[in-house]
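Working notes for the structure below.
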Protein chains: 4
Amino acid sequence: METAILRLHCRDVKGIVFHVSRFIYEHNGNIINAEQHAEPITHRFFMRVYFDCSELNCTRENFQAGLRELAGKFEMDAELTFSDQRKRMAIMVSKYDHCLYDLLLRHQYGEINADLALIVSNHRDLESVASAFHIPFFHVPVTVSAKAEAEAKTLALFEAHQVDFIVLARYMQILTDDFTGRYENRIINVHHGFLPAFKGAKPYHQAYGHGVKIIGATSHYATAELDMGPIIEQETIRVDHTHSVEAMVAMGRDLERNVLASAVKAHAADRIMVYQRRTIVFR
Amino acid sequence: METAILRLHCRDVKGIVFHVSRFIYEHNGNIINAEQHAEPITHRFFMRVYFDCSELNCTRENFQAGLRELAGKFEMDAELTFSDQRKRMAIMVSKYDHCLYDLLLRHQYGEINADLALIVSNHRDLESVASAFHIPFFHVPVTVSAKAEAEAKTLALFEAHQVDFIVLARYMQILTDDFTGRYENRIINVHHGFLPAFKGAKPYHQAYGHGVKIIGATSHYATAELDMGPIIEQETIRVDHTHSVEAMVAMGRDLERNVLASAVKAHAADRIMVYQRRTIVFR
Amino acid sequence: METAILRLHCRDVKGIVFHVSRFIYEHNGNIINAEQHAEPITHRFFMRVYFDCSELNCTRENFQAGLRELAGKFEMDAELTFSDQRKRMAIMVSKYDHCLYDLLLRHQYGEINADLALIVSNHRDLESVASAFHIPFFHVPVTVSAKAEAEAKTLALFEAHQVDFIVLARYMQILTDDFTGRYENRIINVHHGFLPAFKGAKPYHQAYGHGVKIIGATSHYATAELDMGPIIEQETIRVDHTHSVEAMVAMGRDLERNVLASAVKAHAADRIMVYQRRTIVFR
Amino acid sequence: METAILRLHCRDVKGIVFHVSRFIYEHNGNIINAEQHAEPITHRFFMRVYFDCSELNCTRENFQAGLRELAGKFEMDAELTFSDQRKRMAIMVSKYDHCLYDLLLRHQYGEINADLALIVSNHRDLESVASAFHIPFFHVPVTVSAKAEAEAKTLALFEAHQVDFIVLARYMQILTDDFTGRYENRIINVHHGFLPAFKGAKPYHQAYGHGVKIIGATSHYATAELDMGPIIEQETIRVDHTHSVEAMVAMGRDLERNVLASAVKAHAADRIMVYQRRTIVFR
């Protein structure tokens with residue numbers, strides 16, 4: 001069975017569900033699942049349709065063209081992806097391995113609907129992990145003076161490997177605005193704090209100092225503004241006075257791998273839409 | 001704005017979303033939200049459509065008739081409710097007041113989309129609570145020898161008050177099959193254990209004896225088989241060796257009110273469908 | 001059985017557990033439970049001892065004197081409370097009733113080890129609730145021009161009713177530093193946000209705007225600095241794009257009553273110690 | 001600093017905390033942390049003392065002898081372990097790798113206070129994982145006819161490697177009573193269901209069939225009675241109608257690794273005591 005996913009958003013007006021379902025029906029597609037969401041404050045309507053396109057009565061190109069026409073009529077922002085065109089994922093890491101292992105294993109279990117194209121790191125430490133899982137590994141050192149070069153080299157690697165989206169699996173370098181701008185809503189970062197509290201460095205130390213009773217981790221799309229991109233997933237866990245900063249760091253490893261994996265799975269499955277600074281994560 | 005909710009299930013065949021959305025569109029309804037679910041094992045398709053029916057181009061009766069025709073074609077089990085016909089709820093209690101207070105307050109906050117018609121109890125203890133919230137209260141004592149009479153009296157009260165569904169808010173009497181049979185999937189019970197573990201009496205004592213590290217509570221539709229009706233909601237909380245049975249009972253009060261309230265809100269909002277022994281709870 | 005609770009903290013030196021347990025043993029007390037905590041960063045040692053003092057071989061005054069001597073030797077900050085001297089609690093409310101009902105019910109169930117002395121409110125709305133539970137209610141209106149007078153009147157009421165600690169159950173007035181200073185670590189507030197994020201007004205609106213996937217509530221001791229006092233308890237719950245601000249407010253009610261009740265129970269049971277801006281909440 | 005952990009339980013009589021702390025003090029030990037628990041139903045008293053023994057004024061042998069004397073006086077069941085004698089752990093696996101990877105990584109991060117002596121498997125599939133982490137791997141095939149031989153071979157390996165406790169990381173063979181009897185309360189198993197519900201095979205299928213709204217996993221000590229040994233840790237997660245059995249299996253992998261790791265960390269740190277069928281897990 002060939003399937004496709006259509007995601008769209010537009011102003012919330014009458015008949016959208018009908019017009020979209022008619023468009024698919026008239027081209028001989030069959031809706032397997034559809035979700036909608038109407039944002040009450042912005043009056044924006046979001047829709048995700050998962051449909052069987054095995055027996056389309058036209059070429060995919062013509063279907064795309066028809067969709068563009070429909071989208072134009074309603075001023076929709078629409079995106080169509082065919083399930084047989086699997087996305088290609090890059091992972092960027094430094095020295096921490098817990099998120100990397102987690103992604104490699106979930107990829108192996110088939111939880112992530114994407115191909116793992118390559119791993120790029122500013123250190124050599126995790127090269128053997130990559131090779132144990134048979135994933136191409138590239139060492140791109142980053143120095144203060146040659147950051148631009150390092151990013152250029154990384155971008156070239158991504159292009160050569162036809163990368164669709166990037167996962168920062170505790171990558172400890174700040175990317176330039178130019179870099180994040182090229183992959184808008186396609187770079188997934190994990191922050192080891194419960195955003196918007198505890199932005200920036202050493203969030204567990206900040207949490208300990210505040211005496212909070214719950215710590216968290218956050219996955220989000222990377223944007224120019226540090227740790228302020230659209231939040232995709234968050235998870236929290238209880239702590240108390242018996243937990244040292246070190247204990248929080250250990251507990252944080254579990255939170256981090258969970259929220260990052262959750263975001264990667266959702267992105268790979270085309271379940272996320274971004275509008276302004278909020279995400280719609282369909283299930 | 002007048003709105004309506006259509007819930008249906010049928011064999012999972014092609015084009016249902018389209019035919020349903022066309023039916024609504026052609027009668028000048030406007031879909032606000034629609035959810036579907038396809039059960040992979042039973043090949044059953046479930047759908048809930050929430051739509052604006054302010055400008056229907058026919059009478060409600062004709063719309064219902066048209067729907068029956070559509071339902072017949074696909075062998076659908078379909079139910080249509082209009083939002084201006086609020087459901088009427090009865091609460092049955094004994095002596096515990098925590099679930100009752102919780103429901104009264106949530107009803108007052110507007111969280112429960114139903115009218116609270118009456119409270120029936122086999123004791124007089126909570127009469128003053130009912131009167132503080134201005135809800136009619138009826139004392140129907142239950143004795144072993146006169147159980148049938150008590151149920152008959154209760155059913156008469158429900159009929160007189162046009163009751164649509166019943167909430168057993170820690171009602172400590174077992175209802176007969178005849179009683180539950182009259183309100184199939186319309187009697188909501190709360191069990192103070194994490195079903196299917198710890199059925200029957202004294203579930204917290206059972207949990208303590210087993211040394212479990214998590215306790216729970218369950219809301220479900222009451223059926224002839226005790227504590228085995230379709231589960232609507234469950235919630236769990238961690239315990240450890242420091243928690244006595246009494247402590248578990250206290251924690252259980254919180255769980256019980258939460259799962260019961262959640263089930264009542266879902267039922268009142270027509271978000272639940274039951275198929276075989278499983279519930280679909282749309283959000 | 002007469003029991004007592006000793007809470008102390010001091011610099012972390014050798015033999016404290018021994019010296020404290022010897023002191024109790026030599027006065028014929030019997031330790032039922034003891035908890036310690038050593039803060040690794042501040043090198044501070046915290047201890048809570050719950051002991052049977054039915055058969056003390058001296059008067060309570062002499063026991064207190066002996067304890068002062070021991071405390072002096074180790075430069076301890078020590079506090080001793082006898083369980084037969086129940087604390088007296090005041091509740092301050094405005095118009096929201098969910099936290100008030102919750103405290104009244106838990107008090108009735110015996111979950112809170114304190115007497116409920118009185119309820120003070122700047123509005124009359126909840127007077128009938130207080131009277132249904134037979135708790136003295138005092139209406140103390142607060143105006144911008146006469147805030148000092150209102151606080152003076154409230155303090156006089158607290159003195160007349162021998163109040164030991166105060167619970168702000170969604171009391172919607174900001175207290176002066178003078179007021180909070182008189183009841184240091186004895187005023188418990190609930191903030192409807194996950195502190196330190198979303199301080200101040202309309203935290204659920206802030207959370208919605210940030211697109212967070214988890215919201216929370218926090219109970220803490222009130223200090224001069226708004227929403228920055230030592231955190232006692234926090235709780236979080238998942239939200240997603242389907243939750244409007246109103247839905248978050250409704251979910252928040254549950255979080256608020258939970259974290260406030262948890263803090264009140266811990267305070268009443270002498271389970272909390274405060275050091276710098278962090279709390280130790282023994283279990 | 002040399003440290004030791006003393007765990008004991010006995011009938012709940014007066015003065016135990018004092019006598020134990022005096023014993024340690026008189027031998028020049030220094031209590032770092034002590035926890036007690038009194039079981040109200042069985043009148044059993046449990047205690048765990050973590051103390052500095054760097055400057056004991058006698059040999060360890062003499063200290064042990066003195067402790068035996070004290071234990072005799074109070075009919076204590078007492079166990080003393082010195083922290084410089086790290087426990088040796090064996091892992092048994094079959095083909096699933098998620099729990100194995102999790103334990104290997106946590107061991108590497110220093111979260112598990114034990115040496116990983118060897119991995120035994122009835123299949124060769126995970127040999128390369130063991131070798132990537134430099135852990136000795138032994139393939140001991142198990143056949144119905146030669147089960148006793150396989151167990152004998154395994155026991156011989158454990159003896160040769162001085163194994164203190166065994167972790168069944170989704171080991172898919174049932175061990176004989178003889179085997180489990182030799183390592184009483186020293187074999188940690190993970191069950192992929194919320195015990196005592198869903199014992200035995202295919203618990204996620206059972207959970208799906210029951211339409212539960214929460215699934216769980218359980219770690220416990222293996223005993224002769226299948227899946228009925230003392231529970232160490234449990235974790236639950238919400239599911240709904242959208243989760244297929246396969247989705248539950250995937251979610252279950254996360255639960256399983258969490259509860260198993262939690263139990264292994266607690267066991268390795270001498271934080272668990274077992275009495276009758278319940279565990280005390282000190283923190």
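We label chains A, B, ... in the order they appear in the structure tokens, count residues from 1 in each chain, and number ligands from 1 in the order shown.
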
request  = Run DSSP on the backbone and grab whatever in segment 18-131 of chain D lands in strand (DSSP E); send it over as a PyMOL selection string.
outcome  = chain D and resi 30-39+44-52+77-82+87-93+114-121

Onto chain C, please fit chain D by least squares using all C-alpha atoms in order, then return the transformed chain as a tab-separated table (two decimals) with C-alpha atoms, in the first residue's frame.
```tsv
chain	number	residue	atom	x	y	z
D	1	MET	CA	1.27	7.53	73.81
D	2	GLU	CA	2.82	11.00	74.02
D	3	THR	CA	5.19	11.77	71.18
D	4	ALA	CA	7.47	14.60	70.18
D	5	ILE	CA	9.33	15.74	67.10
D	6	LEU	CA	12.82	17.17	67.22
D	7	ARG	CA	14.16	18.96	64.15
D	8	LEU	CA	17.67	20.31	64.09
D	9	HIS	CA	20.39	21.38	61.74
D	10	CYS	CA	24.03	22.18	62.31
D	11	ARG	CA	27.45	21.89	60.75
D	12	ASP	CA	28.05	18.31	59.62
D	13	VAL	CA	30.42	16.89	62.24
D	14	LYS	CA	31.01	13.43	63.66
D	15	GLY	CA	28.72	11.79	66.20
D	16	ILE	CA	25.58	13.88	65.96
D	17	VAL	CA	23.27	10.90	65.46
D	18	PHE	CA	24.85	9.22	68.44
D	19	HIS	CA	24.69	12.26	70.72
D	20	VAL	CA	21.09	12.98	69.83
D	21	SER	CA	19.99	9.38	70.22
D	22	ARG	CA	21.89	9.13	73.54
D	23	PHE	CA	20.25	12.32	74.79
D	24	ILE	CA	16.82	10.87	74.04
D	25	TYR	CA	17.68	7.45	75.42
D	26	GLU	CA	19.13	8.85	78.66
D	27	HIS	CA	15.93	10.79	79.24
D	28	ASN	CA	13.98	7.61	78.65
D	29	GLY	CA	12.53	8.61	75.29
D	30	ASN	CA	12.21	6.00	72.54
D	31	ILE	CA	12.98	6.84	68.94
D	32	ILE	CA	10.20	5.71	66.61
D	33	ASN	CA	11.73	7.15	63.47
D	34	ALA	CA	14.70	9.31	62.62
D	35	GLU	CA	15.80	10.82	59.33
D	36	GLN	CA	18.98	12.64	58.50
D	37	HIS	CA	20.23	14.52	55.54
D	38	ALA	CA	23.70	15.86	54.88
D	39	GLU	CA	23.89	18.67	52.35
D	40	PRO	CA	27.10	18.09	50.39
D	41	ILE	CA	27.60	21.67	49.17
D	42	THR	CA	26.86	23.57	52.38
D	43	HIS	CA	28.19	20.83	54.71
D	44	ARG	CA	25.02	21.20	56.73
D	45	PHE	CA	23.48	18.29	58.61
D	46	PHE	CA	19.70	18.03	59.06
D	47	MET	CA	17.89	15.65	61.36
D	48	ARG	CA	14.31	14.93	62.32
D	49	VAL	CA	13.56	12.57	65.19
D	50	TYR	CA	10.10	11.35	66.04
D	51	PHE	CA	10.08	9.79	69.49
D	52	ASP	CA	7.88	8.45	72.24
D	53	CYS	CA	8.11	10.76	75.26
D	54	SER	CA	5.44	9.15	77.42
D	55	GLU	CA	7.93	8.04	80.01
D	56	LEU	CA	10.45	10.87	80.09
D	57	ASN	CA	12.39	10.79	83.36
D	58	CYS	CA	12.19	14.57	83.72
D	59	THR	CA	9.75	17.41	83.07
D	60	ARG	CA	9.29	18.73	79.57
D	61	GLU	CA	10.92	21.96	80.74
D	62	ASN	CA	14.01	20.13	81.91
D	63	PHE	CA	14.11	18.15	78.69
D	64	GLN	CA	13.95	21.41	76.73
D	65	ALA	CA	16.75	22.82	78.88
D	66	GLY	CA	18.90	19.77	78.30
D	67	LEU	CA	18.26	20.03	74.61
D	68	ARG	CA	19.30	23.69	74.59
D	69	GLU	CA	22.56	22.68	76.19
D	70	LEU	CA	23.19	19.98	73.56
D	71	ALA	CA	22.22	22.41	70.79
D	72	GLY	CA	24.63	24.97	72.15
D	73	LYS	CA	27.49	22.50	72.10
D	74	PHE	CA	27.01	21.72	68.40
D	75	GLU	CA	25.70	25.18	67.43
D	76	MET	CA	22.48	23.49	66.37
D	77	ASP	CA	19.36	25.25	65.26
D	78	ALA	CA	16.91	22.94	67.08
D	79	GLU	CA	13.15	22.92	67.43
D	80	LEU	CA	11.10	20.57	69.60
D	81	THR	CA	7.34	20.14	69.30
D	82	PHE	CA	5.06	17.93	71.37
D	83	SER	CA	2.34	16.17	69.44
D	84	ASP	CA	-0.35	16.97	71.99
D	85	GLN	CA	0.11	20.66	71.20
D	86	ARG	CA	-1.65	20.74	67.84
D	87	LYS	CA	-0.86	23.67	65.61
D	88	ARG	CA	-3.57	26.18	64.78
D	89	MET	CA	-4.07	27.03	61.12
D	90	ALA	CA	-5.66	30.04	59.42
D	91	ILE	CA	-6.84	30.02	55.83
D	92	MET	CA	-6.99	33.17	53.72
D	93	VAL	CA	-9.16	33.09	50.59
D	94	SER	CA	-10.71	35.41	48.06
D	95	LYS	CA	-13.34	34.01	45.66
D	96	TYR	CA	-11.89	30.77	44.26
D	97	ASP	CA	-13.19	27.86	46.30
D	98	HIS	CA	-11.32	24.80	44.98
D	99	CYS	CA	-8.36	24.97	47.36
D	100	LEU	CA	-10.60	25.89	50.27
D	101	TYR	CA	-12.94	22.90	49.76
D	102	ASP	CA	-9.96	20.62	49.37
D	103	LEU	CA	-8.41	21.76	52.65
D	104	LEU	CA	-11.74	21.59	54.49
D	105	LEU	CA	-12.31	18.02	53.32
D	106	ARG	CA	-8.77	16.84	54.03
D	107	HIS	CA	-9.02	18.44	57.46
D	108	GLN	CA	-12.25	16.53	58.03
D	109	TYR	CA	-10.63	13.25	56.90
D	110	GLY	CA	-7.86	13.77	59.43
D	111	GLU	CA	-5.16	14.20	56.80
D	112	ILE	CA	-4.00	17.55	58.24
D	113	ASN	CA	-2.53	17.42	61.73
D	114	ALA	CA	-3.72	20.85	62.81
D	115	ASP	CA	-6.79	22.67	64.07
D	116	LEU	CA	-8.51	24.94	61.61
D	117	ALA	CA	-8.88	28.13	63.68
D	118	LEU	CA	-10.47	30.54	61.25
D	119	ILE	CA	-10.95	31.64	57.66
D	120	VAL	CA	-10.25	35.22	56.63
D	121	SER	CA	-11.37	36.61	53.28
D	122	ASN	CA	-11.42	39.93	51.49
D	123	HIS	CA	-14.79	38.90	50.04
D	124	ARG	CA	-18.01	37.46	51.45
D	125	ASP	CA	-18.47	34.87	48.69
D	126	LEU	CA	-17.17	31.86	50.61
D	127	GLU	CA	-18.79	32.63	53.94
D	128	SER	CA	-21.44	29.97	53.42
D	129	VAL	CA	-18.78	27.33	52.69
D	130	ALA	CA	-17.04	28.16	55.97
D	131	SER	CA	-20.32	27.95	57.85
D	132	ALA	CA	-21.24	24.59	56.26
D	133	PHE	CA	-18.02	23.26	57.76
D	134	HIS	CA	-18.53	25.15	61.04
D	135	ILE	CA	-15.36	27.22	60.78
D	136	PRO	CA	-15.33	30.87	62.02
D	137	PHE	CA	-15.25	33.23	59.03
D	138	PHE	CA	-14.10	36.84	59.05
D	139	HIS	CA	-14.58	39.30	56.25
D	140	VAL	CA	-11.68	41.74	56.07
D	141	PRO	CA	-12.05	43.86	52.93
D	142	VAL	CA	-8.83	45.15	51.39
D	143	THR	CA	-8.62	48.47	49.60
D	144	VAL	CA	-5.56	50.09	48.11
D	145	SER	CA	-5.78	52.99	50.49
D	146	ALA	CA	-6.44	50.94	53.60
D	147	LYS	CA	-4.21	47.92	53.07
D	148	ALA	CA	-2.26	48.51	56.30
D	149	GLU	CA	-5.48	48.63	58.30
D	150	ALA	CA	-6.70	45.40	56.73
D	151	GLU	CA	-3.44	43.65	57.57
D	152	ALA	CA	-3.51	44.99	61.11
D	153	LYS	CA	-7.05	43.71	61.54
D	154	THR	CA	-6.03	40.33	60.15
D	155	LEU	CA	-3.01	40.09	62.43
D	156	ALA	CA	-5.20	40.92	65.40
D	157	LEU	CA	-7.58	38.12	64.41
D	158	PHE	CA	-4.65	35.69	64.13
D	159	GLU	CA	-3.41	36.69	67.55
D	160	ALA	CA	-6.84	36.35	69.10
D	161	HIS	CA	-7.18	32.88	67.56
D	162	GLN	CA	-3.61	31.85	68.47
D	163	VAL	CA	-2.72	31.09	64.88
D	164	ASP	CA	0.53	29.20	64.27
D	165	PHE	CA	0.57	29.19	60.49
D	166	ILE	CA	-1.34	30.62	57.56
D	167	VAL	CA	-2.46	29.08	54.29
D	168	LEU	CA	-3.07	31.34	51.32
D	169	ALA	CA	-5.64	29.28	49.43
D	170	ARG	CA	-5.62	31.39	46.24
D	171	TYR	CA	-5.76	34.61	48.29
D	172	MET	CA	-5.59	37.28	45.61
D	173	GLN	CA	-3.91	40.07	47.55
D	174	ILE	CA	-0.19	40.66	47.86
D	175	LEU	CA	0.89	40.77	51.48
D	176	THR	CA	3.35	43.39	52.70
D	177	ASP	CA	6.89	42.47	53.73
D	178	ASP	CA	5.97	43.37	57.27
D	179	PHE	CA	3.18	40.80	57.26
D	180	THR	CA	5.21	37.98	55.73
D	181	GLY	CA	8.15	38.84	58.00
D	182	ARG	CA	6.08	38.17	61.11
D	183	TYR	CA	5.34	34.61	60.01
D	184	GLU	CA	8.64	33.57	58.47
D	185	ASN	CA	8.34	30.10	56.98
D	186	ARG	CA	4.83	29.90	58.37
D	187	ILE	CA	2.82	31.31	55.46
D	188	ILE	CA	2.14	28.75	52.73
D	189	ASN	CA	1.20	30.06	49.31
D	190	VAL	CA	0.17	28.31	46.11
D	191	HIS	CA	1.29	29.67	42.76
D	192	HIS	CA	-0.54	28.46	39.69
D	193	GLY	CA	2.60	28.02	37.62
D	194	PHE	CA	5.75	25.95	37.55
D	195	LEU	CA	8.15	28.26	39.39
D	196	PRO	CA	10.65	29.72	38.67
D	197	ALA	CA	9.09	29.91	35.21
D	198	PHE	CA	5.94	31.95	34.88
D	199	LYS	CA	6.13	34.11	37.97
D	200	GLY	CA	3.52	36.76	38.60
D	201	ALA	CA	0.19	37.20	36.87
D	202	LYS	CA	-1.62	34.91	34.44
D	203	PRO	CA	0.87	32.01	34.40
D	204	TYR	CA	-1.39	29.77	32.31
D	205	HIS	CA	-1.58	32.45	29.65
D	206	GLN	CA	2.22	32.67	29.74
D	207	ALA	CA	2.48	28.87	29.45
D	208	TYR	CA	0.07	28.80	26.52
D	209	GLY	CA	1.99	31.52	24.74
D	210	HIS	CA	5.26	29.64	25.15
D	211	GLY	CA	3.68	26.48	23.77
D	212	VAL	CA	4.91	24.38	26.68
D	213	LYS	CA	3.91	20.72	26.75
D	214	ILE	CA	3.71	20.50	30.54
D	215	ILE	CA	2.15	22.89	33.03
D	216	GLY	CA	2.60	22.95	36.76
D	217	ALA	CA	1.79	24.46	40.11
D	218	THR	CA	3.99	25.25	43.08
D	219	SER	CA	3.47	25.65	46.82
D	220	HIS	CA	6.05	27.64	48.73
D	221	TYR	CA	6.61	29.72	51.82
D	222	ALA	CA	5.72	33.34	51.16
D	223	THR	CA	8.60	35.76	51.46
D	224	ALA	CA	9.10	39.42	50.70
D	225	GLU	CA	10.15	38.57	47.16
D	226	LEU	CA	7.02	37.62	45.18
D	227	ASP	CA	6.79	33.92	44.20
D	228	MET	CA	10.43	33.33	45.17
D	229	GLY	CA	10.10	31.81	48.64
D	230	PRO	CA	11.38	28.30	49.43
D	231	ILE	CA	9.53	25.76	47.28
D	232	ILE	CA	7.73	23.02	49.23
D	233	GLU	CA	5.98	21.02	46.53
D	234	GLN	CA	5.45	21.03	42.78
D	235	GLU	CA	3.30	19.02	40.43
D	236	THR	CA	3.10	18.94	36.66
D	237	ILE	CA	0.69	17.63	34.04
D	238	ARG	CA	0.97	17.16	30.28
D	239	VAL	CA	-0.84	19.48	27.92
D	240	ASP	CA	-0.85	19.69	24.15
D	241	HIS	CA	-2.17	21.87	21.37
D	242	THR	CA	-5.75	20.83	22.07
D	243	HIS	CA	-5.73	22.54	25.46
D	244	SER	CA	-6.96	26.11	25.48
D	245	VAL	CA	-6.00	28.53	28.23
D	246	GLU	CA	-9.38	27.79	29.81
D	247	ALA	CA	-8.63	24.05	29.79
D	248	MET	CA	-5.27	24.74	31.41
D	249	VAL	CA	-6.98	26.80	34.09
D	250	ALA	CA	-9.33	23.88	34.80
D	251	MET	CA	-6.44	21.40	34.95
D	252	GLY	CA	-4.55	23.89	37.06
D	253	ARG	CA	-7.26	23.80	39.72
D	254	ASP	CA	-6.41	20.15	40.33
D	255	LEU	CA	-2.67	20.83	40.47
D	256	GLU	CA	-3.13	23.77	42.81
D	257	ARG	CA	-5.20	21.91	45.36
D	258	ASN	CA	-2.76	19.00	45.29
D	259	VAL	CA	0.44	20.96	45.86
D	260	LEU	CA	-1.17	23.19	48.47
D	261	ALA	CA	-2.59	20.25	50.41
D	262	SER	CA	0.71	18.45	50.25
D	263	ALA	CA	2.56	21.45	51.67
D	264	VAL	CA	0.00	22.01	54.41
D	265	LYS	CA	0.15	18.37	55.49
D	266	ALA	CA	3.95	18.45	55.60
D	267	HIS	CA	4.04	21.71	57.55
D	268	ALA	CA	1.42	20.57	60.05
D	269	ALA	CA	3.34	17.35	60.64
D	270	ASP	CA	6.61	19.23	61.32
D	271	ARG	CA	8.22	17.52	58.33
D	272	ILE	CA	9.72	20.65	56.73
D	273	MET	CA	13.00	22.38	57.44
D	274	VAL	CA	14.21	25.46	55.56
D	275	TYR	CA	17.83	26.34	55.03
D	276	GLN	CA	18.76	29.25	52.85
D	277	ARG	CA	16.27	29.08	49.97
D	278	ARG	CA	15.79	25.30	49.90
D	279	THR	CA	13.41	23.08	51.83
D	280	ILE	CA	14.09	19.67	53.29
D	281	VAL	CA	10.74	17.85	53.33
D	282	PHE	CA	11.15	14.68	55.38
D	283	ARG	CA	8.62	11.98	54.67
```

ask   = Looking only at the backbone, which of the residues in segment 149-262 of chain C does DSSP tag as helix (DSSP H, G or I), as a VMD selection string?
value = chain C and resid 149 to 160 177 to 182 203 to 210 245 to 262
